[in-house]
Structures are given as C-alpha cells and as structure tokens.
Amino acid sequence: MALLKVDDIHVYYGSIHAVKGVSFEVNEGEIVTLIGANGAGKSTVLNTISGLLHPRTGSVRFMDQDLKGIAPHKVVEKGLAQVPEGRRVFLQMTVEENLEMGAYTQPKSTIVPGIADVYKRFPRLEERRRQVAGTLSGGEQQMLAMGRALMSRPKLLMLDEPSMGLAPILVEQIFDIIKELHAAGTTILLVEQNAQAALSVADRAYVLETGRISLSGTGAELMASGQVRKAYLGG
Amino acid sequence: MSFLNNVITGISLGSIYAIIALGYTMVYGIAKMLNFAHGDVIMVGAYMAFFAMGRFELPAIAGVLLAVVVCTALGIVIERLAYKPLRQAPSLAVLITAIGVSYFLQNGAQILWGAATKTFTPIVNGTLVLVPEQLSISYVAILSVVCCIVVMIGLTLFTTRTKMGKTMRACSEDKAAAQLMGINVDATISMTFAIGSALAAIAGVLMCSAYPVLSPTTGSMPGIRAFTAAVFGGIGSIPGALLGGILLGIIETFGKAYISTDLSDAVVFAVLIIVLLVKPAGLMGKYVPEKV
C-alpha cells in the first residue's frame, strides 16, 4: 500500500494555475524523486502535501488518511517532515535550539537521544552545537535542516532541493547522507533540479514539466531515456 | 543635585516606557505588525486597577492582578477578532485596523467610564530621602525600575530557556519553517499578544501611580513614546526595547528640565530621527546576512 498518495491535485496561486493535475505515490521504504526545471511546480507540490498550500481539487492521502483541511502543524504530527527549499534553518537560534524545534511534536524524553542520533550522523553539527545557525556554511545549514527534520521521527521525509547552491563535493556528501538515511529505513520524497544526482539514488522518478507529470519510471529507466537526457542531463 | 534627580526621574520613567516598548517589540517581532492599540490596553489596565482599589477598596496587589488578567484577555480577544482575519492582508490594512482598535478602546472607555479625568491612587506612596531637601526617590520610581529589571530578566529566561519562548523566537524568524516543525503559529502569536498585554497592564498601573491622572486617552501618548523607544532601540529586539525605553525616558526628562517643557516631545523625536538616519535598524536592530 502506498504511504503517500497524491491524486490529481490542482493548485493555484491566485489565478495562476501552478500545478495541473499531478498524481503520484510513494511506497514505504522507497526513495522517490520529482525532477524538473525551475518553476515546474515541484515545491508547490511539496508545500501542498505539507498543508501550507491547499489543492483546489484532488487529494493528498497519507497512510490512507485524507489530509484535506489538516493544518500544517498537524501534518507534521502524522509523520510527514519537510526540509524546505533554501534550508530555512532558524538563523538566530543555535544549532541545538534548531534541533529542539525540530522535535516540537515529540515527547520531551525523546529530545536528548534524538539530538545524540543527529550528532552521530552529522558530527560537524556537534562541533557547532552552541553556535547560531547563521554562522554555519551552506552545507552545514543543509545538514542542520535535515537533522532538524529527522528530530520529528518522520515516516516520510521530504527534501526540497537539498543540493541547491552547494559545491559539488558537498552535493555528493548530501546525497551520500540521503542514501544512508534510506538504508536506515527512512522513506524519502526528493525534489531536485539536479536530475543526475537525484536519479542515481532514486527507486522511482517523476518528471514534472509546467505543472504536469510528463514522464515516470524507475531511476535507471529515466536516466537512460533520451528525452530526459536531452532536457535535464545535458545530452 | 537637580541633575541627579533628573537622572532618577528619567530612568524610572524610562523603565515604564521599556515595559510598554517590550509589548510593541514582541508583537512586531512575531506578527510583523505595529499594534497601535497597545497604548490603549495600558489605559484599560489602569482603569481596572483604579476600580479595584478605589471603588471596591481591594488591596493594591489585587488591583494589579485584576488589571493583568483583564488586559491579557483583552489582548487575546483583540488579536483574534481584529488582526487574525488579516494575517494575509497587506500591512497597511493591518496598520489602519490597529488605529481603529485604538479609537475603539478609547471611545469604549469614554462610554463606560466617562470622559472626566479621574485621580488614580498610587499603589505605593512615600519617598525615600537620600539627601534631605535635595535628593529623593519616590517608591513608585523604585518599584518601576525593579519591575522593569524583573520583567527583562524574566523575558530573557523565558525566550532562551523555555520551549514556549524558543517557539516564539522560531515563529518570529520564519513562520512557514516553524509550521513545518509542527508549531501552531496562530497559538504562538496569541500567546505573544497575551504576554505583551499583561506587561501593558503592569506599565499602566506604574504609569498612573507616578502621574496619577486617568482618562480614556491616558494611554495614547505613553504608547506613542514607547513605540518610539522600541524603534529607537531596534524594533523586534528585547534588549533594544530596554535601551530605547531608558534612553527615551532620560532624554524626555532632560529635555523638559533643560530645554523646554513644551518642546520635550520635539527633542525626543528629533533624537529618534537622527538615530534612524545613522542606524536605520535602530540601536540594537538585528541584521543577519543570508547565506547561500
């Protein structure tokens, strides 16, 4: 059974029709990626799943429950965490405070072991635990944003362009971490412009073009597809 | 000696401004709006204490408590009815609404309690004489400074040590990201109005104890001066509100003593303009560069 099932959602910004009937699903244990150019509607889809935006028609079901009308902060309680585009860590709060905020929905007793887990995965964060997040490098902020999302112990982790603005070596590191998280049993929905990197880790992938899904298949299939190579992989 | 007396008056007046400015600055920090009705909440608080102590002859502490409870509830109701529906509206609409709420409270007070000025009974009386005939401090002044210090320490601990306080900081920085953490932003904003309004009640009682006249417009001028103090110190910054409030109190008192009573407000605002020209974010305004 699908963990997340997005069924024919249409999302508007005022009169602008940004997402025009997108359907896809994510099964437990998978890494699924949505790739597409800037403005294709990828973040809009994620924010709709998180409840920050509302579909005019269509539905989002998580663990067989319709998320319609559920406030964003309640969506997190159900086990859906998003690492937003541009990381959006709390720049004036310390690394540790950011992680505590990530555990907002969790009982107090889980915070200390949760933080210890995050530090084990991201030792750099432990070194900087008392620093405010604004002083971290872009890569460290991405790690913090991911660690913060993991603090809510999500059943589905959604990542919005984790490679954005990072140096190639850091992109590689971030994707290694995504693979590790997946190996540890986390289900992941990954939105990326970096199609090469995303397809290389994904079990299945969807290509989003101007608000519609134009192609779908396994990561390997799309990597081999002439259409994808031409449009997203530089020939 | 008159110089020292003026410093003392300035600091105690400034402490009251600082407590009011905290309400402005916290609400601005989280809701990104200027709550121009904040000054009038002070007035409501003062009336509550006035009735509790004057008409029902309750002890001062009961008067203060009643003022705090009523103002806290009032702050929550104002936010819920007037500002929450405008969360997505342009800031000009919110600003005009805040001015509307301010007039509503002033006129409501006039209908309920009349326009005539009432004489407020100070919650503490007496004066501490340091140098006979020359240097003295009223107990109200001491109480104002003590309250300001307690409030500042309390708020600092609250925002850095408690989950609720950290949540407020997270919301004031990035509401969408806060929602993605599972934080109920509406409840957090409501809480901020509650705290700000409770502080306004305390400030109202202190203000009217130091300058014991009470009318429906009592809150408006201190409200505007405290707003100035918040901008002066850097709106959104809690230490900035303290610094801005104290400096404003001193500048106002010195302006009255050495320049002209009539011009004291002009002096205050002239200093504000100069500070903003040199440091547009205020004395302790935050500037955080974005990292790519």
# chains A, B, ... in the order shown; residues from 1 in each chain; ligands from 1
call {"tool": "select_by_dssp", "arguments": {"residues": "region 70-278 of chain B", "states": "alpha helix (DSSP H)", "output": "ChimeraX atom specification"}}
result
/B:70-78,91-113,139-161,163-173,175-180,185-210,220-233,238-254,264-278
call {"tool": "select_by_dssp", "arguments": {"residues": "region 9-173 of chain A", "states": "strand (DSSP E)", "output": "JSON, numbers by chain"}}
result
{"A": [9, 10, 11, 12, 13, 16, 17, 18, 19, 20, 21, 22, 23, 24, 25, 26, 27, 31, 32, 33, 34, 35, 57, 58, 59, 60, 61, 62, 65, 66, 80, 81, 82, 83, 156, 157, 158, 159, 160]}
call {"tool": "closest_atom_pairs", "arguments": {"of": "chain B", "to": "chain A", "cutoff": "12 Å", "atoms": "only C-alpha atoms", "output": "JSON lines"}}
result
{"residue": "B:Thr159", "atom": "CA", "partner": "A:Met93", "partner_atom": "CA", "distance": 10.8}
{"residue": "B:Thr160", "atom": "CA", "partner": "A:Glu97", "partner_atom": "CA", "distance": 9.1}
{"residue": "B:Arg161", "atom": "CA", "partner": "A:Glu97", "partner_atom": "CA", "distance": 9.8}
{"residue": "B:Thr162", "atom": "CA", "partner": "A:Glu97", "partner_atom": "CA", "distance": 10.6}
{"residue": "B:Lys163", "atom": "CA", "partner": "A:Met101", "partner_atom": "CA", "distance": 8.3}
{"residue": "B:Met164", "atom": "CA", "partner": "A:Tyr104", "partner_atom": "CA", "distance": 9.9}
{"residue": "B:Gly165", "atom": "CA", "partner": "A:Met101", "partner_atom": "CA", "distance": 11.0}
{"residue": "B:Lys166", "atom": "CA", "partner": "A:Glu97", "partner_atom": "CA", "distance": 7.6}
{"residue": "B:Thr167", "atom": "CA", "partner": "A:Met101", "partner_atom": "CA", "distance": 7.0}
{"residue": "B:Met168", "atom": "CA", "partner": "A:Met101", "partner_atom": "CA", "distance": 10.5}
{"residue": "B:Arg169", "atom": "CA", "partner": "A:Met93", "partner_atom": "CA", "distance": 8.0}
{"residue": "B:Ala170", "atom": "CA", "partner": "A:Phe90", "partner_atom": "CA", "distance": 6.3}
{"residue": "B:Cys171", "atom": "CA", "partner": "A:Phe90", "partner_atom": "CA", "distance": 9.1}
{"residue": "B:Ser172", "atom": "CA", "partner": "A:Phe90", "partner_atom": "CA", "distance": 9.6}
{"residue": "B:Glu173", "atom": "CA", "partner": "A:Phe90", "partner_atom": "CA", "distance": 6.5}
{"residue": "B:Asp174", "atom": "CA", "partner": "A:Phe90", "partner_atom": "CA", "distance": 7.1}
{"residue": "B:Lys175", "atom": "CA", "partner": "A:Arg88", "partner_atom": "CA", "distance": 10.1}
{"residue": "B:Ala176", "atom": "CA", "partner": "A:Leu52", "partner_atom": "CA", "distance": 7.6}
{"residue": "B:Ala177", "atom": "CA", "partner": "A:Arg88", "partner_atom": "CA", "distance": 6.2}
{"residue": "B:Ala178", "atom": "CA", "partner": "A:Met101", "partner_atom": "CA", "distance": 7.9}
{"residue": "B:Gln179", "atom": "CA", "partner": "A:His73", "partner_atom": "CA", "distance": 5.1}
{"residue": "B:Leu180", "atom": "CA", "partner": "A:His73", "partner_atom": "CA", "distance": 6.3}
{"residue": "B:Met181", "atom": "CA", "partner": "A:Gly102", "partner_atom": "CA", "distance": 5.2}
{"residue": "B:Gly182", "atom": "CA", "partner": "A:His73", "partner_atom": "CA", "distance": 3.7}
{"residue": "B:Ile183", "atom": "CA", "partner": "A:His73", "partner_atom": "CA", "distance": 5.4}
{"residue": "B:Asn184", "atom": "CA", "partner": "A:His73", "partner_atom": "CA", "distance": 5.7}
{"residue": "B:Val185", "atom": "CA", "partner": "A:His73", "partner_atom": "CA", "distance": 8.3}
{"residue": "B:Asp186", "atom": "CA", "partner": "A:His73", "partner_atom": "CA", "distance": 10.4}
{"residue": "B:Ala187", "atom": "CA", "partner": "A:His73", "partner_atom": "CA", "distance": 11.1}
{"residue": "B:Ser237", "atom": "CA", "partner": "A:Gln92", "partner_atom": "CA", "distance": 11.8}
{"residue": "B:Lys286", "atom": "CA", "partner": "A:Gln92", "partner_atom": "CA", "distance": 9.5}
{"residue": "B:Tyr287", "atom": "CA", "partner": "A:Gln92", "partner_atom": "CA", "distance": 10.0}
{"residue": "B:Val288", "atom": "CA", "partner": "A:Gly134", "partner_atom": "CA", "distance": 7.2}
{"residue": "B:Pro289", "atom": "CA", "partner": "A:Gly134", "partner_atom": "CA", "distance": 7.6}
{"residue": "B:Glu290", "atom": "CA", "partner": "A:Gly134", "partner_atom": "CA", "distance": 7.6}
{"residue": "B:Lys291", "atom": "CA", "partner": "A:Gly138", "partner_atom": "CA", "distance": 6.4}
{"residue": "B:Val292", "atom": "CA", "partner": "A:Gly138", "partner_atom": "CA", "distance": 5.7}
call {"tool": "write_last_selection", "arguments": {"atoms": "N, CA, C and O atoms", "output": "short mmCIF file (atom, residue, chain, number, x, y, z; two decimals), in the first residue's frame"}}
result
data_model
loop_
_atom_site.label_atom_id
_atom_site.label_comp_id
_atom_site.auth_asym_id
_atom_site.auth_seq_id
_atom_site.Cartn_x
_atom_site.Cartn_y
_atom_site.Cartn_z
N THR B 159 12.59 33.41 26.86
CA THR B 159 12.84 33.20 25.43
C THR B 159 14.04 32.31 25.16
O THR B 159 14.18 31.78 24.07
N THR B 160 14.94 32.15 26.16
CA THR B 160 16.11 31.31 25.89
C THR B 160 16.03 29.95 26.56
O THR B 160 16.72 29.03 26.15
N ARG B 161 15.18 29.80 27.59
CA ARG B 161 15.20 28.54 28.35
C ARG B 161 13.95 27.68 28.16
O ARG B 161 13.99 26.50 28.39
N THR B 162 12.82 28.31 27.84
CA THR B 162 11.59 27.52 27.79
C THR B 162 11.23 27.15 26.35
O THR B 162 11.60 27.86 25.40
N LYS B 163 10.48 26.06 26.22
CA LYS B 163 10.05 25.62 24.89
C LYS B 163 9.16 26.67 24.24
O LYS B 163 9.34 27.02 23.08
N MET B 164 8.22 27.21 25.03
CA MET B 164 7.31 28.23 24.50
C MET B 164 8.09 29.46 24.02
O MET B 164 7.80 30.01 22.96
N GLY B 165 9.09 29.88 24.80
CA GLY B 165 9.87 31.05 24.42
C GLY B 165 10.67 30.81 23.16
O GLY B 165 10.74 31.66 22.27
N LYS B 166 11.28 29.64 23.06
CA LYS B 166 12.05 29.31 21.85
C LYS B 166 11.12 29.24 20.64
O LYS B 166 11.47 29.66 19.54
N THR B 167 9.93 28.70 20.88
CA THR B 167 8.94 28.62 19.81
C THR B 167 8.59 30.02 19.30
O THR B 167 8.49 30.24 18.10
N MET B 168 8.48 30.97 20.23
CA MET B 168 8.19 32.35 19.81
C MET B 168 9.31 32.89 18.95
O MET B 168 9.06 33.56 17.94
N ARG B 169 10.55 32.61 19.34
CA ARG B 169 11.68 33.10 18.52
C ARG B 169 11.67 32.45 17.15
O ARG B 169 11.92 33.11 16.13
N ALA B 170 11.36 31.16 17.10
CA ALA B 170 11.32 30.46 15.81
C ALA B 170 10.25 31.07 14.92
O ALA B 170 10.48 31.35 13.75
N CYS B 171 9.06 31.33 15.49
CA CYS B 171 7.97 31.91 14.70
C CYS B 171 8.32 33.31 14.23
O CYS B 171 7.96 33.70 13.12
N SER B 172 9.02 34.08 15.07
CA SER B 172 9.31 35.45 14.66
C SER B 172 10.34 35.44 13.54
O SER B 172 10.39 36.34 12.73
N GLU B 173 11.13 34.38 13.44
CA GLU B 173 12.12 34.34 12.36
C GLU B 173 11.54 33.82 11.05
O GLU B 173 11.83 34.36 9.99
N ASP B 174 10.76 32.77 11.12
CA ASP B 174 10.28 32.15 9.87
C ASP B 174 9.02 31.32 10.18
O ASP B 174 9.11 30.20 10.67
N LYS B 175 7.86 31.92 9.88
CA LYS B 175 6.60 31.25 10.23
C LYS B 175 6.38 29.96 9.47
O LYS B 175 5.93 28.96 10.03
N ALA B 176 6.69 29.96 8.16
CA ALA B 176 6.44 28.75 7.38
C ALA B 176 7.33 27.62 7.88
O ALA B 176 6.87 26.49 8.07
N ALA B 177 8.60 27.93 8.13
CA ALA B 177 9.51 26.90 8.64
C ALA B 177 9.02 26.41 10.00
O ALA B 177 9.08 25.22 10.30
N ALA B 178 8.52 27.33 10.83
CA ALA B 178 8.01 26.93 12.14
C ALA B 178 6.84 25.96 11.99
O ALA B 178 6.75 24.97 12.72
N GLN B 179 5.96 26.23 11.03
CA GLN B 179 4.84 25.32 10.80
C GLN B 179 5.33 23.95 10.38
O GLN B 179 4.77 22.93 10.77
N LEU B 180 6.41 23.93 9.59
CA LEU B 180 6.96 22.64 9.15
C LEU B 180 7.59 21.87 10.31
O LEU B 180 7.90 20.69 10.18
N MET B 181 7.82 22.55 11.45
CA MET B 181 8.31 21.85 12.64
C MET B 181 7.15 21.30 13.46
O MET B 181 7.35 20.68 14.49
N GLY B 182 5.92 21.64 13.05
CA GLY B 182 4.77 21.21 13.82
C GLY B 182 4.31 22.27 14.82
O GLY B 182 3.51 21.99 15.71
N ILE B 183 4.83 23.50 14.70
CA ILE B 183 4.46 24.56 15.64
C ILE B 183 3.14 25.20 15.20
O ILE B 183 2.96 25.49 14.02
N ASN B 184 2.24 25.40 16.15
CA ASN B 184 0.99 26.09 15.87
C ASN B 184 1.25 27.59 15.95
O ASN B 184 1.30 28.19 17.03
N VAL B 185 1.44 28.20 14.79
CA VAL B 185 1.85 29.61 14.74
C VAL B 185 0.76 30.53 15.29
O VAL B 185 1.05 31.48 16.03
N ASP B 186 -0.50 30.23 14.99
CA ASP B 186 -1.59 31.07 15.49
C ASP B 186 -1.61 31.11 17.01
O ASP B 186 -1.76 32.17 17.62
N ALA B 187 -1.45 29.94 17.63
CA ALA B 187 -1.45 29.88 19.09
C ALA B 187 -0.27 30.66 19.66
O ALA B 187 -0.38 31.31 20.70
N SER B 237 13.79 43.73 18.88
CA SER B 237 14.86 43.33 19.80
C SER B 237 14.46 43.61 21.25
O SER B 237 14.08 44.73 21.59
N LYS B 286 18.50 44.09 14.47
CA LYS B 286 19.19 42.89 14.02
C LYS B 286 19.43 42.96 12.52
O LYS B 286 18.58 43.36 11.76
N TYR B 287 20.58 42.55 12.10
CA TYR B 287 20.82 42.37 10.69
C TYR B 287 21.53 41.04 10.53
O TYR B 287 22.62 40.85 11.03
N VAL B 288 20.89 40.10 9.89
CA VAL B 288 21.51 38.80 9.71
C VAL B 288 21.70 38.55 8.22
O VAL B 288 20.74 38.50 7.47
N PRO B 289 22.93 38.43 7.78
CA PRO B 289 23.15 38.20 6.35
C PRO B 289 22.67 36.80 5.97
O PRO B 289 22.74 35.87 6.75
N GLU B 290 22.16 36.70 4.75
CA GLU B 290 21.68 35.41 4.29
C GLU B 290 22.83 34.65 3.63
O GLU B 290 23.64 35.23 2.94
N LYS B 291 22.87 33.35 3.91
CA LYS B 291 23.99 32.57 3.38
C LYS B 291 23.51 31.71 2.22
O LYS B 291 22.41 31.18 2.25
N VAL B 292 24.36 31.60 1.20
CA VAL B 292 23.97 30.79 0.05
C VAL B 292 24.85 29.54 0.00
O VAL B 292 26.03 29.64 0.29
#
call {"tool": "atom_distance", "arguments": {"atom1": "CA of Ala198 (chain B)", "atom2": "CA of Tyr24 (chain B)"}}
result
12.2 Å
call {"tool": "closest_residue", "arguments": {"among": "B:Gly154, B:Pro212, B:Pro85, B:Gly45", "to": "Val69 (chain B)", "atoms": "only C-alpha atoms"}}
result
B:Gly45
call {"tool": "atom_distance", "arguments": {"atom1": "CA of Thr210 (chain A)", "atom2": "CA of Ala18 (chain A)"}}
result
7.4 Å
call {"tool": "atom_distance", "arguments": {"atom1": "CA of Ala73 (chain B)", "atom2": "CA of Leu58 (chain B)"}}
result
20.8 Å
call {"tool": "residues_around", "arguments": {"residues": "Gln196 (chain A)", "least_positions_apart": "6", "cutoff": "8 Å", "atoms": "only C-alpha atoms", "output": "PyMOL selection string"}}
result
chain A and resi 223+232-233
call {"tool": "residues_around", "arguments": {"residues": "Asn194 (chain A)", "least_positions_apart": "6", "cutoff": "10 Å", "atoms": "only C-alpha atoms", "output": "PyMOL selection string"}}
result
chain A and resi 35-37+161-164+171+232-233
call {"tool": "write_last_selection", "arguments": {"atoms": "C-alpha atoms", "output": "mmCIF file, in the first residue's frame"}}
result
data_model
loop_
_atom_site.group_PDB
_atom_site.id
_atom_site.type_symbol
_atom_site.label_atom_id
_atom_site.label_comp_id
_atom_site.auth_asym_id
_atom_site.auth_seq_id
_atom_site.Cartn_x
_atom_site.Cartn_y
_atom_site.Cartn_z
ATOM 1 C CA ILE A 35 12.680 16.247 -11.043
ATOM 2 C CA GLY A 36 12.026 19.231 -13.207
ATOM 3 C CA ALA A 37 13.206 22.684 -14.167
ATOM 4 C CA GLU A 161 16.363 20.764 -3.456
ATOM 5 C CA PRO A 162 18.932 19.752 -0.856
ATOM 6 C CA SER A 163 21.730 20.325 -3.362
ATOM 7 C CA MET A 164 20.771 23.904 -4.144
ATOM 8 C CA VAL A 171 26.310 17.789 -3.097
ATOM 9 C CA TYR A 232 17.953 17.540 -17.920
ATOM 10 C CA LEU A 233 21.232 15.711 -18.203
#
call {"tool": "residues_around", "arguments": {"residues": "region 139-150 of chain B", "least_positions_apart": "2", "cutoff": "7 Å", "atoms": "only C-alpha atoms", "output": "list of chain:residue names"}}
result
B:Ser12, B:Ser15, B:Ile16, B:Ile19, B:Val124, B:Asn125, B:Gly126, B:Thr127, B:Leu128, B:Ile137, B:Met152, B:Ile153, B:Gly154, B:Leu206, B:Ser209, B:Ala210
call {"tool": "write_last_selection", "arguments": {"atoms": "N, CA, C and O atoms", "output": "PDB file, in the first residue's frame"}}
result
ATOM      1  N   SER B  12      13.392  56.096  35.871  1.00  0.00           N
ATOM      2  CA  SER B  12      12.152  55.435  36.296  1.00  0.00           C
ATOM      3  C   SER B  12      11.066  55.583  35.233  1.00  0.00           C
ATOM      4  O   SER B  12      10.344  54.632  34.938  1.00  0.00           O
ATOM      5  N   SER B  15      11.935  53.226  32.531  1.00  0.00           N
ATOM      6  CA  SER B  15      11.625  51.834  32.844  1.00  0.00           C
ATOM      7  C   SER B  15      10.198  51.498  32.442  1.00  0.00           C
ATOM      8  O   SER B  15       9.917  50.416  31.934  1.00  0.00           O
ATOM      9  N   ILE B  16       9.296  52.454  32.685  1.00  0.00           N
ATOM     10  CA  ILE B  16       7.894  52.227  32.301  1.00  0.00           C
ATOM     11  C   ILE B  16       7.790  52.172  30.772  1.00  0.00           C
ATOM     12  O   ILE B  16       7.149  51.280  30.215  1.00  0.00           O
ATOM     13  N   ILE B  19       8.929  48.803  29.558  1.00  0.00           N
ATOM     14  CA  ILE B  19       7.957  47.710  29.727  1.00  0.00           C
ATOM     15  C   ILE B  19       6.894  47.782  28.620  1.00  0.00           C
ATOM     16  O   ILE B  19       6.499  46.762  28.053  1.00  0.00           O
ATOM     17  N   VAL B 124       1.828  52.508  45.608  1.00  0.00           N
ATOM     18  CA  VAL B 124       2.678  52.729  46.787  1.00  0.00           C
ATOM     19  C   VAL B 124       2.844  54.225  46.970  1.00  0.00           C
ATOM     20  O   VAL B 124       2.850  54.986  46.002  1.00  0.00           O
ATOM     21  N   ASN B 125       2.965  54.643  48.203  1.00  0.00           N
ATOM     22  CA  ASN B 125       3.147  56.065  48.492  1.00  0.00           C
ATOM     23  C   ASN B 125       4.490  56.281  49.173  1.00  0.00           C
ATOM     24  O   ASN B 125       5.111  55.327  49.634  1.00  0.00           O
ATOM     25  N   GLY B 126       4.882  57.520  49.220  1.00  0.00           N
ATOM     26  CA  GLY B 126       6.068  57.838  50.001  1.00  0.00           C
ATOM     27  C   GLY B 126       7.308  57.999  49.162  1.00  0.00           C
ATOM     28  O   GLY B 126       7.326  57.732  47.959  1.00  0.00           O
ATOM     29  N   THR B 127       8.332  58.473  49.824  1.00  0.00           N
ATOM     30  CA  THR B 127       9.561  58.846  49.148  1.00  0.00           C
ATOM     31  C   THR B 127      10.746  58.449  50.007  1.00  0.00           C
ATOM     32  O   THR B 127      10.695  58.560  51.223  1.00  0.00           O
ATOM     33  N   LEU B 128      11.767  57.981  49.357  1.00  0.00           N
ATOM     34  CA  LEU B 128      12.998  57.665  50.052  1.00  0.00           C
ATOM     35  C   LEU B 128      13.911  58.889  49.940  1.00  0.00           C
ATOM     36  O   LEU B 128      14.307  59.277  48.850  1.00  0.00           O
ATOM     37  N   ILE B 137      13.998  59.777  46.143  1.00  0.00           N
ATOM     38  CA  ILE B 137      13.425  58.883  45.149  1.00  0.00           C
ATOM     39  C   ILE B 137      12.071  58.423  45.648  1.00  0.00           C
ATOM     40  O   ILE B 137      11.954  57.950  46.790  1.00  0.00           O
ATOM     41  N   MET B 152      12.570  42.171  32.439  1.00  0.00           N
ATOM     42  CA  MET B 152      13.640  41.907  31.456  1.00  0.00           C
ATOM     43  C   MET B 152      14.297  40.556  31.704  1.00  0.00           C
ATOM     44  O   MET B 152      14.498  39.774  30.776  1.00  0.00           O
ATOM     45  N   ILE B 153      14.636  40.305  32.972  1.00  0.00           N
ATOM     46  CA  ILE B 153      15.288  39.024  33.292  1.00  0.00           C
ATOM     47  C   ILE B 153      14.329  37.875  32.985  1.00  0.00           C
ATOM     48  O   ILE B 153      14.695  36.880  32.362  1.00  0.00           O
ATOM     49  N   GLY B 154      13.078  38.055  33.410  1.00  0.00           N
ATOM     50  CA  GLY B 154      12.076  37.022  33.182  1.00  0.00           C
ATOM     51  C   GLY B 154      11.921  36.702  31.700  1.00  0.00           C
ATOM     52  O   GLY B 154      11.921  35.545  31.291  1.00  0.00           O
ATOM     53  N   LEU B 206       1.812  51.316  36.907  1.00  0.00           N
ATOM     54  CA  LEU B 206       3.003  52.080  37.317  1.00  0.00           C
ATOM     55  C   LEU B 206       2.912  53.531  36.831  1.00  0.00           C
ATOM     56  O   LEU B 206       3.185  54.481  37.569  1.00  0.00           O
ATOM     57  N   SER B 209       0.471  55.460  38.747  1.00  0.00           N
ATOM     58  CA  SER B 209       0.934  55.699  40.109  1.00  0.00           C
ATOM     59  C   SER B 209       1.937  56.838  40.136  1.00  0.00           C
ATOM     60  O   SER B 209       1.991  57.618  41.083  1.00  0.00           O
ATOM     61  N   ALA B 210       2.730  56.951  39.067  1.00  0.00           N
ATOM     62  CA  ALA B 210       3.728  58.024  39.009  1.00  0.00           C
ATOM     63  C   ALA B 210       3.092  59.346  38.604  1.00  0.00           C
ATOM     64  O   ALA B 210       3.474  60.402  39.090  1.00  0.00           O
TER      65      ALA B 210
END
call {"tool": "residues_around", "arguments": {"residues": "Met143 (chain A)", "least_positions_apart": "3", "cutoff": "8 Å", "atoms": "only C-alpha atoms", "output": "number ranges by chain"}}
result
A: 122, 125, 139-140, 146-147, 174
call {"tool": "residues_around", "arguments": {"residues": "Met1 (chain A)", "least_positions_apart": "5", "cutoff": "9 Å", "atoms": "only C-alpha atoms", "output": "list in words"}}
result
Asn27, Glu28, Met63 and Asp64 of chain A
call {"tool": "closest_residue", "arguments": {"among": "A:Leu170, A:Leu3, A:Tyr12, A:Tyr206", "to": "Val26 (chain A)", "atoms": "only C-alpha atoms"}}
result
A:Leu3
